[in-house]
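Novice: Just one file: start-v7.cif, with mmCIF, C-alpha atoms.
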```cif
data_query
#
loop_
_atom_site.group_PDB
_atom_site.id
_atom_site.type_symbol
_atom_site.label_atom_id
_atom_site.label_comp_id
_atom_site.auth_asym_id
_atom_site.auth_seq_id
_atom_site.Cartn_x
_atom_site.Cartn_y
_atom_site.Cartn_z
ATOM 1 C CA MET A 1 -88.163 122.325 41.585
ATOM 2 C CA GLY A 2 -90.735 120.334 43.543
ATOM 3 C CA THR A 3 -92.770 121.474 46.513
ATOM 4 C CA LYS A 4 -90.440 121.818 49.493
ATOM 5 C CA ILE A 5 -91.310 120.612 52.993
ATOM 6 C CA LEU A 6 -89.306 121.368 56.122
ATOM 7 C CA VAL A 7 -89.712 118.860 58.974
ATOM 8 C CA VAL A 8 -88.704 120.134 62.423
ATOM 9 C CA ASP A 9 -88.760 117.316 65.003
ATOM 10 C CA ASP A 10 -86.237 116.098 67.581
ATOM 11 C CA ASP A 11 -87.142 112.442 66.961
ATOM 12 C CA ALA A 12 -84.758 111.103 64.311
ATOM 13 C CA ASN A 13 -87.095 108.213 63.494
ATOM 14 C CA ILE A 14 -89.978 110.568 62.738
ATOM 15 C CA CYS A 15 -87.725 112.797 60.624
ATOM 16 C CA ASP A 16 -86.573 109.774 58.626
ATOM 17 C CA LEU A 17 -90.128 108.460 58.243
ATOM 18 C CA LEU A 18 -91.521 111.785 57.048
ATOM 19 C CA ARG A 19 -88.572 112.408 54.723
ATOM 20 C CA LEU A 20 -88.945 108.976 53.102
ATOM 21 C CA TYR A 21 -92.722 109.142 52.811
ATOM 22 C CA PHE A 22 -92.977 112.649 51.371
ATOM 23 C CA THR A 23 -89.953 112.162 49.104
ATOM 24 C CA ASN A 24 -91.745 109.150 47.626
ATOM 25 C CA GLU A 25 -94.776 111.397 47.090
ATOM 26 C CA GLY A 26 -92.677 113.789 45.017
ATOM 27 C CA TYR A 27 -91.794 116.463 47.578
ATOM 28 C CA GLU A 28 -88.350 117.819 48.420
ATOM 29 C CA VAL A 29 -87.789 117.326 52.146
ATOM 30 C CA LYS A 30 -85.309 118.871 54.581
ATOM 31 C CA THR A 31 -85.183 118.106 58.301
ATOM 32 C CA ALA A 32 -84.073 119.938 61.437
ATOM 33 C CA MET A 33 -83.875 118.451 64.926
ATOM 34 C CA ASP A 34 -84.160 121.471 67.203
ATOM 35 C CA GLY A 35 -85.976 124.788 67.145
ATOM 36 C CA ALA A 36 -82.972 127.009 66.495
ATOM 37 C CA GLU A 37 -81.912 124.818 63.578
ATOM 38 C CA GLY A 38 -85.511 124.883 62.350
ATOM 39 C CA VAL A 39 -85.600 128.685 62.192
ATOM 40 C CA SER A 40 -82.261 128.788 60.361
ATOM 41 C CA ALA A 41 -83.367 126.068 57.945
ATOM 42 C CA PHE A 42 -86.596 127.955 57.205
ATOM 43 C CA LYS A 43 -84.641 131.074 56.241
ATOM 44 C CA MET A 44 -82.087 129.181 54.159
ATOM 45 C CA TYR A 45 -84.323 126.565 52.544
ATOM 46 C CA GLU A 46 -87.453 128.713 52.002
ATOM 47 C CA PRO A 47 -89.869 125.738 52.176
ATOM 48 C CA ASP A 48 -93.426 125.769 50.874
ATOM 49 C CA LEU A 49 -94.714 124.137 54.088
ATOM 50 C CA VAL A 50 -93.404 123.341 57.581
ATOM 51 C CA LEU A 51 -94.239 120.274 59.680
ATOM 52 C CA LEU A 52 -93.373 121.541 63.147
ATOM 53 C CA ASP A 53 -93.172 119.566 66.395
ATOM 54 C CA ILE A 54 -94.001 121.484 69.577
ATOM 55 C CA MET A 55 -91.663 119.850 72.106
ATOM 56 C CA LEU A 56 -88.249 120.836 70.737
ATOM 57 C CA PRO A 57 -84.881 121.630 72.348
ATOM 58 C CA LYS A 58 -83.353 125.143 72.221
ATOM 59 C CA LYS A 59 -86.578 126.744 70.918
ATOM 60 C CA ASP A 60 -89.966 125.108 71.255
ATOM 61 C CA GLY A 61 -92.462 124.882 68.415
ATOM 62 C CA TRP A 62 -94.428 127.886 69.684
ATOM 63 C CA GLN A 63 -91.362 130.133 69.411
ATOM 64 C CA VAL A 64 -90.419 128.714 66.012
ATOM 65 C CA CYS A 65 -93.941 129.415 64.750
ATOM 66 C CA ARG A 66 -93.788 132.971 66.109
ATOM 67 C CA GLU A 67 -90.493 133.631 64.323
ATOM 68 C CA ILE A 68 -91.741 132.152 61.046
ATOM 69 C CA ARG A 69 -94.854 134.348 61.218
ATOM 70 C CA GLU A 70 -92.733 137.464 61.672
ATOM 71 C CA SER A 71 -91.610 137.191 58.055
ATOM 72 C CA SER A 72 -93.756 134.625 56.237
ATOM 73 C CA SER A 73 -97.296 133.368 55.712
ATOM 74 C CA LYS A 74 -96.141 129.960 54.421
ATOM 75 C CA PRO A 75 -98.250 127.095 55.822
ATOM 76 C CA VAL A 76 -97.304 125.570 59.176
ATOM 77 C CA ILE A 77 -98.770 122.283 60.415
ATOM 78 C CA MET A 78 -97.961 121.693 64.071
ATOM 79 C CA ILE A 79 -97.292 118.137 65.250
ATOM 80 C CA THR A 80 -97.353 117.115 68.892
ATOM 81 C CA ALA A 81 -97.895 114.198 71.227
ATOM 82 C CA LYS A 82 -100.323 116.377 73.176
ATOM 83 C CA GLY A 83 -103.997 116.705 72.339
ATOM 84 C CA GLU A 84 -105.206 119.333 74.784
ATOM 85 C CA VAL A 85 -107.475 122.090 73.513
ATOM 86 C CA PHE A 86 -105.034 124.645 74.977
ATOM 87 C CA ASP A 87 -102.313 123.504 72.590
ATOM 88 C CA LYS A 88 -104.630 123.749 69.607
ATOM 89 C CA VAL A 89 -105.912 127.190 70.562
ATOM 90 C CA LEU A 90 -102.411 128.550 71.132
ATOM 91 C CA GLY A 91 -101.194 127.105 67.834
ATOM 92 C CA LEU A 92 -104.093 128.668 65.965
ATOM 93 C CA GLU A 93 -103.546 132.027 67.638
ATOM 94 C CA LEU A 94 -99.890 131.959 66.614
ATOM 95 C CA GLY A 95 -100.925 131.438 62.996
ATOM 96 C CA ALA A 96 -100.603 127.671 62.520
ATOM 97 C CA ASP A 97 -102.689 126.325 59.638
ATOM 98 C CA ASP A 98 -103.436 122.893 61.067
ATOM 99 C CA PHE A 99 -102.708 120.692 64.057
ATOM 100 C CA VAL A 100 -101.854 116.968 64.060
ATOM 101 C CA VAL A 101 -101.557 114.771 67.159
ATOM 102 C CA LYS A 102 -99.089 111.876 67.401
ATOM 103 C CA PRO A 103 -99.355 109.049 66.613
ATOM 104 C CA PHE A 104 -100.698 110.068 63.206
ATOM 105 C CA ASP A 105 -101.650 108.110 60.127
ATOM 106 C CA MET A 106 -99.367 108.971 57.206
ATOM 107 C CA LYS A 107 -102.191 109.043 54.678
ATOM 108 C CA GLU A 108 -104.167 111.438 56.871
ATOM 109 C CA LEU A 109 -101.112 113.671 57.339
ATOM 110 C CA SER A 110 -100.515 113.638 53.578
ATOM 111 C CA ALA A 111 -104.146 114.657 53.000
ATOM 112 C CA ARG A 112 -103.757 117.538 55.443
ATOM 113 C CA VAL A 113 -100.545 118.682 53.732
ATOM 114 C CA LYS A 114 -102.237 118.665 50.328
ATOM 115 C CA ALA A 115 -105.319 120.485 51.642
ATOM 116 C CA VAL A 116 -103.268 123.226 53.311
ATOM 117 C CA LEU A 117 -101.064 123.673 50.231
ATOM 118 C CA ARG A 118 -104.131 123.864 47.961
ATOM 119 C CA ARG A 119 -105.624 126.573 50.095
ATOM 120 C CA TYR A 120 -102.410 128.554 50.323
ATOM 121 C CA ASN A 121 -101.649 128.271 46.612
ATOM 122 C CA SER A 122 -105.183 129.241 45.614
ATOM 123 C CA HIS A 123 -104.810 132.448 47.630
ATOM 124 C CA ASP A 124 -101.339 133.013 46.237
ATOM 125 C CA SER A 125 -102.558 132.746 42.639
ATOM 126 C CA MET A 126 -105.697 134.836 43.086
ATOM 127 C CA ASN A 127 -105.780 138.459 42.060
ATOM 128 C CA ASP A 128 -106.364 139.656 45.590
ATOM 129 C CA ASP A 129 -104.754 143.049 45.106
ATOM 130 C CA GLU A 130 -108.038 144.775 45.929
ATOM 131 C CA VAL A 131 -107.915 146.484 49.294
ATOM 132 C CA ILE A 132 -111.197 146.223 51.177
ATOM 133 C CA LYS A 133 -111.958 149.518 52.895
ATOM 134 C CA PHE A 134 -114.614 150.543 55.372
ATOM 135 C CA GLU A 135 -114.522 153.223 58.038
ATOM 136 C CA ASN A 136 -111.179 153.025 59.903
ATOM 137 C CA ILE A 137 -110.260 149.632 58.399
ATOM 138 C CA GLU A 138 -108.260 148.475 55.366
ATOM 139 C CA ILE A 139 -107.646 144.803 54.551
ATOM 140 C CA SER A 140 -105.144 143.706 51.888
ATOM 141 C CA LEU A 141 -104.825 139.982 51.233
ATOM 142 C CA GLN A 142 -102.041 140.523 48.716
ATOM 143 C CA LYS A 143 -99.872 142.252 51.319
ATOM 144 C CA TYR A 144 -101.348 140.265 54.239
ATOM 145 C CA GLU A 145 -101.872 143.614 55.917
ATOM 146 C CA LEU A 146 -104.552 144.987 58.226
ATOM 147 C CA LYS A 147 -104.746 148.705 58.928
ATOM 148 C CA LEU A 148 -106.936 150.112 61.683
ATOM 149 C CA ASN A 149 -107.261 153.901 61.909
ATOM 150 C CA GLY A 150 -104.506 154.116 59.306
ATOM 151 C CA LYS A 151 -101.981 152.064 61.293
ATOM 152 C CA ALA A 152 -100.776 148.557 60.440
ATOM 153 C CA VAL A 153 -101.768 145.923 63.009
ATOM 154 C CA GLU A 154 -100.021 142.595 63.524
ATOM 155 C CA ILE A 155 -102.349 139.755 62.632
ATOM 156 C CA PRO A 156 -101.848 136.016 61.995
ATOM 157 C CA PRO A 157 -102.477 134.985 58.357
ATOM 158 C CA LYS A 158 -105.577 132.894 59.037
ATOM 159 C CA GLU A 159 -107.210 135.684 61.029
ATOM 160 C CA LEU A 160 -106.609 138.070 58.150
ATOM 161 C CA GLU A 161 -107.929 135.570 55.587
ATOM 162 C CA LEU A 162 -111.083 135.051 57.642
ATOM 163 C CA LEU A 163 -111.646 138.794 58.064
ATOM 164 C CA TYR A 164 -110.979 139.430 54.367
ATOM 165 C CA PHE A 165 -113.442 136.736 53.343
ATOM 166 C CA LEU A 166 -116.221 137.976 55.616
ATOM 167 C CA ALA A 167 -115.653 141.636 54.734
ATOM 168 C CA SER A 168 -115.663 140.850 51.027
ATOM 169 C CA HIS A 169 -119.129 139.275 51.491
ATOM 170 C CA CYS A 170 -120.486 141.878 53.897
ATOM 171 C CA ASN A 171 -123.938 141.283 55.386
ATOM 172 C CA LYS A 172 -123.905 137.625 54.277
ATOM 173 C CA VAL A 173 -124.062 134.967 56.991
ATOM 174 C CA PHE A 174 -121.732 131.952 56.828
ATOM 175 C CA THR A 175 -121.894 128.842 58.982
ATOM 176 C CA ARG A 176 -118.767 127.639 60.747
ATOM 177 C CA ASP A 177 -118.503 124.714 58.328
ATOM 178 C CA GLN A 178 -118.741 127.070 55.348
ATOM 179 C CA LEU A 179 -115.976 129.237 56.799
ATOM 180 C CA LEU A 180 -113.802 126.184 57.436
ATOM 181 C CA ASP A 181 -114.295 125.234 53.794
ATOM 182 C CA LYS A 182 -113.758 128.708 52.331
ATOM 183 C CA VAL A 183 -110.919 129.925 54.532
ATOM 184 C CA TRP A 184 -109.120 126.763 55.667
ATOM 185 C CA GLY A 185 -109.969 124.847 52.526
ATOM 186 C CA PHE A 186 -111.260 121.260 52.356
ATOM 187 C CA ASP A 187 -111.076 118.724 53.472
ATOM 188 C CA TYR A 188 -110.000 120.673 56.624
ATOM 189 C CA LEU A 189 -109.898 118.079 59.390
ATOM 190 C CA GLY A 190 -110.317 120.441 62.323
ATOM 191 C CA ASP A 191 -113.513 121.417 64.107
ATOM 192 C CA SER A 192 -115.760 124.447 64.385
ATOM 193 C CA ARG A 193 -113.952 125.745 67.479
ATOM 194 C CA THR A 194 -111.203 126.792 65.083
ATOM 195 C CA VAL A 195 -113.534 129.455 63.673
ATOM 196 C CA ASP A 196 -114.683 130.571 67.129
ATOM 197 C CA VAL A 197 -111.081 131.065 68.287
ATOM 198 C CA HIS A 198 -110.239 133.216 65.270
ATOM 199 C CA VAL A 199 -113.404 135.307 65.556
ATOM 200 C CA LYS A 200 -112.678 135.922 69.246
ATOM 201 C CA ARG A 201 -109.166 137.131 68.455
ATOM 202 C CA LEU A 202 -110.411 139.329 65.618
ATOM 203 C CA ARG A 203 -112.992 140.971 67.881
ATOM 204 C CA GLU A 204 -110.266 141.833 70.385
ATOM 205 C CA LYS A 205 -108.369 143.638 67.618
ATOM 206 C CA LEU A 206 -111.425 145.362 66.133
ATOM 207 C CA GLU A 207 -113.073 146.504 69.370
ATOM 208 C CA GLY A 208 -113.949 150.215 69.293
ATOM 209 C CA VAL A 209 -112.544 150.824 65.806
ATOM 210 C CA SER A 210 -115.866 151.849 64.222
ATOM 211 C CA ASP A 211 -119.600 151.927 64.858
ATOM 212 C CA LYS A 212 -120.329 151.563 61.133
ATOM 213 C CA TRP A 213 -119.588 147.834 60.948
ATOM 214 C CA LEU A 214 -119.064 144.832 63.217
ATOM 215 C CA LEU A 215 -118.166 141.157 63.213
ATOM 216 C CA LYS A 216 -121.520 139.734 64.246
ATOM 217 C CA THR A 217 -122.601 136.369 65.603
ATOM 218 C CA VAL A 218 -125.872 135.130 64.120
ATOM 219 C CA TRP A 219 -126.987 132.749 66.854
ATOM 220 C CA GLY A 220 -127.631 129.213 65.691
ATOM 221 C CA VAL A 221 -126.131 129.938 62.260
ATOM 222 C CA GLY A 222 -122.666 131.470 62.198
ATOM 223 C CA TYR A 223 -120.948 134.806 61.570
ATOM 224 C CA LYS A 224 -121.085 137.811 59.260
ATOM 225 C CA PHE A 225 -119.383 141.140 58.673
ATOM 226 C CA GLU A 226 -122.302 143.517 59.099
ATOM 227 C CA LEU A 227 -122.530 147.071 57.791
ATOM 228 C CA ILE A 228 -124.620 149.235 60.087
ATOM 229 C CA GLN A 229 -126.906 151.784 58.426
#
```
Written as structure tokens, that's how I'd like the structure from this file.
Specialist:
Amino acid sequence: MGTKILVVDDDANICDLLRLYFTNEGYEVKTAMDGAEGVSAFKMYEPDLVLLDIMLPKKDGWQVCREIRESSSKPVIMITAKGEVFDKVLGLELGADDFVVKPFDMKELSARVKAVLRRYNSHDSMNDDEVIKFENIEISLQKYELKLNGKAVEIPPKELELLYFLASHCNKVFTRDQLLDKVWGFDYLGDSRTVDVHVKRLREKLEGVSDKWLLKTVWGVGYKFELIQ
């Protein structure tokens, strides 16, 4: 069985183009032309990656992404004709792995697909069964689970991966570019605001949990998970 891609887009021409291109690259490709069909196809087909348009009938791409993230951490690349920062931020907060604006170059899209799959598969194959524990926090990458004060907290996959990475290298400072490389993997073709958005969302979740550690900004450099003596 080859790597499976699900394309969810209401433009038949784009569906046909992506199916032909990625089939020729050795992938198995299924398509869906509205959001409701996309959710059903995801459950039935169990793809390795989803190319998801935002402007869809029945359920938009935001809702489809939400429903996928309720049960799966499989990579989602959102595709849209819009390029506003708001769209990118919302997609990232919902757990999308990357964001591509139409019209896109097929070679660039293929590179993004490969980069996202490499990152996901490297995590999947790693022995990340170690649970990182500090006061009032437990982070399991194997289970994609965050516990605060002993209770599980909903968290998008990329936020958890970023927190796990920083907490597993506590007191070490990483630049935004280093975090893009280590967490998003790359070749990631996004920008440093991606990291800032995820750190902001993490801080909202972690506020007041403990005074023994914090997610700290090192001005002019980047971020670290700091243990406080």
Novice: Applying 7 Å and all atoms listed in the file, which residues near Val8 (chain A) remain after dropping the ones on its own chain fewer than 4 positions away? List them as a PyMOL selection string.
Specialist: chain A and resi 31-34+38+51-53
Novice: Write out the residues from the selection above, keeping C-alpha atoms, as a compact mmCIF listing (two decimals), keeping the file's coordinate frame.
Specialist:
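The new file result30.txt reads:
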```txt
# COMPACT_ATOMS: atom_id res chain seq x y z
CA THR A 31 -85.18 118.11 58.30
CA ALA A 32 -84.07 119.94 61.44
CA MET A 33 -83.88 118.45 64.93
CA ASP A 34 -84.16 121.47 67.20
CA GLY A 38 -85.51 124.88 62.35
CA LEU A 51 -94.24 120.27 59.68
CA LEU A 52 -93.37 121.54 63.15
CA ASP A 53 -93.17 119.57 66.40
```
Novice: With the PyMOL selection byres ((chain A and resi 202) around 10) as the selection, what would be picked from this file? Answer as a ChimeraX atom specification, please.
Specialist: /A:155-156,159-160,162-163,196-201,203-207,215
Novice: Please identify all polymer residues within 7 Å of Asp98 (chain A), counting all atoms listed in the file, omitting same-chain residues fewer than 4 positions from it, and present them as a list in words.
Specialist: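 Contacts, with the query itself left out: Val76, Ile77 and Met78 of chain A.
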Novice: With C-alpha atoms retained, write the just-selected residues as a PDB file, in the frame of the given file.
Specialist:
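Writing done, so here's selection14.pdb:
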```
ATOM      1  CA  VAL A  76     -97.304 125.570  59.176  1.00  0.00           C
ATOM      2  CA  ILE A  77     -98.770 122.283  60.415  1.00  0.00           C
ATOM      3  CA  MET A  78     -97.961 121.693  64.071  1.00  0.00           C
TER       4      MET A  78
END
```
Novice: Mind giving me the straight-line distance from CA of Val50 (chain A) to CA of Thr3 (chain A) in Å, one decimal?
Specialist: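 CA of Val50 (chain A) sits 11.2 Å away from CA of Thr3 (chain A).
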Novice: Any idea what the distance is between CA of Ser140 (chain A) and CA of Ala111 (chain A)?
Specialist: 29.1 Å
Novice: Counting only C-alpha atoms, what is within 12 Å of region 11-24 of chain A, bar same-chain residues fewer than 4 positions away, as a PyMOL selection string?
Specialist: chain A and resi 2-7+28-34+49-57+79-81+102-107+109-111+113-114
Novice: Under the PyMOL selection byres ((chain A and resi 214) around 7), which residues of this model are included? Write them out as a list in words.
Specialist: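 Those residues are Trp213, Leu215, Lys216, Phe225, Glu226 and Leu227 of chain A.
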Novice: Which polymer residues have any atom within 9 Å of an atom of Ile68 (chain A), counting all atoms listed in the file, with same-chain residues fewer than 4 positions away left out, as a VMD selection string?
Specialist: chain A and resid 39 42 to 43 63 to 64 72 to 74 76
Novice: Residues at most 12 Å from Glu145 (chain A), counting all atoms listed in the file, excluding those fewer than 4 positions away in the same chain, as a list in words?
Specialist: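 Those residues are Ser73, Asp128, Asp129, Glu130, Val131, Ile132, Ile137, Glu138, Ile139, Ser140, Leu141, Gly150, Lys151, Ala152, Val153, Glu154, Ile155, Pro156, Pro157, Lys158, Glu159, Leu160, Glu161, Leu163 and Tyr164 of chain A.
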Novice: So the first atom is CA of Leu117 (chain A) and the second is CA of Asp48 (chain A); what is the distance between them in Å, to one decimal place?
Specialist: 7.9 Å
Novice: Between A:Lys58, A:Lys224, A:Lys212, A:Arg118, single out the one closest to Arg176 (chain A), counting all atoms listed in the file.
Specialist: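 Under the stated criterion, the closest residue is A:Lys224.
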Novice: From the options A:Asn136, A:Gln142, A:Thr217, A:Asn149, which residue's atoms come nearest to Thr175 (chain A), counting only C-alpha atoms?
Specialist: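 Of A:Asn136, A:Gln142, A:Thr217, A:Asn149, the one nearest Thr175 (chain A), counting only C-alpha atoms, is A:Thr217.
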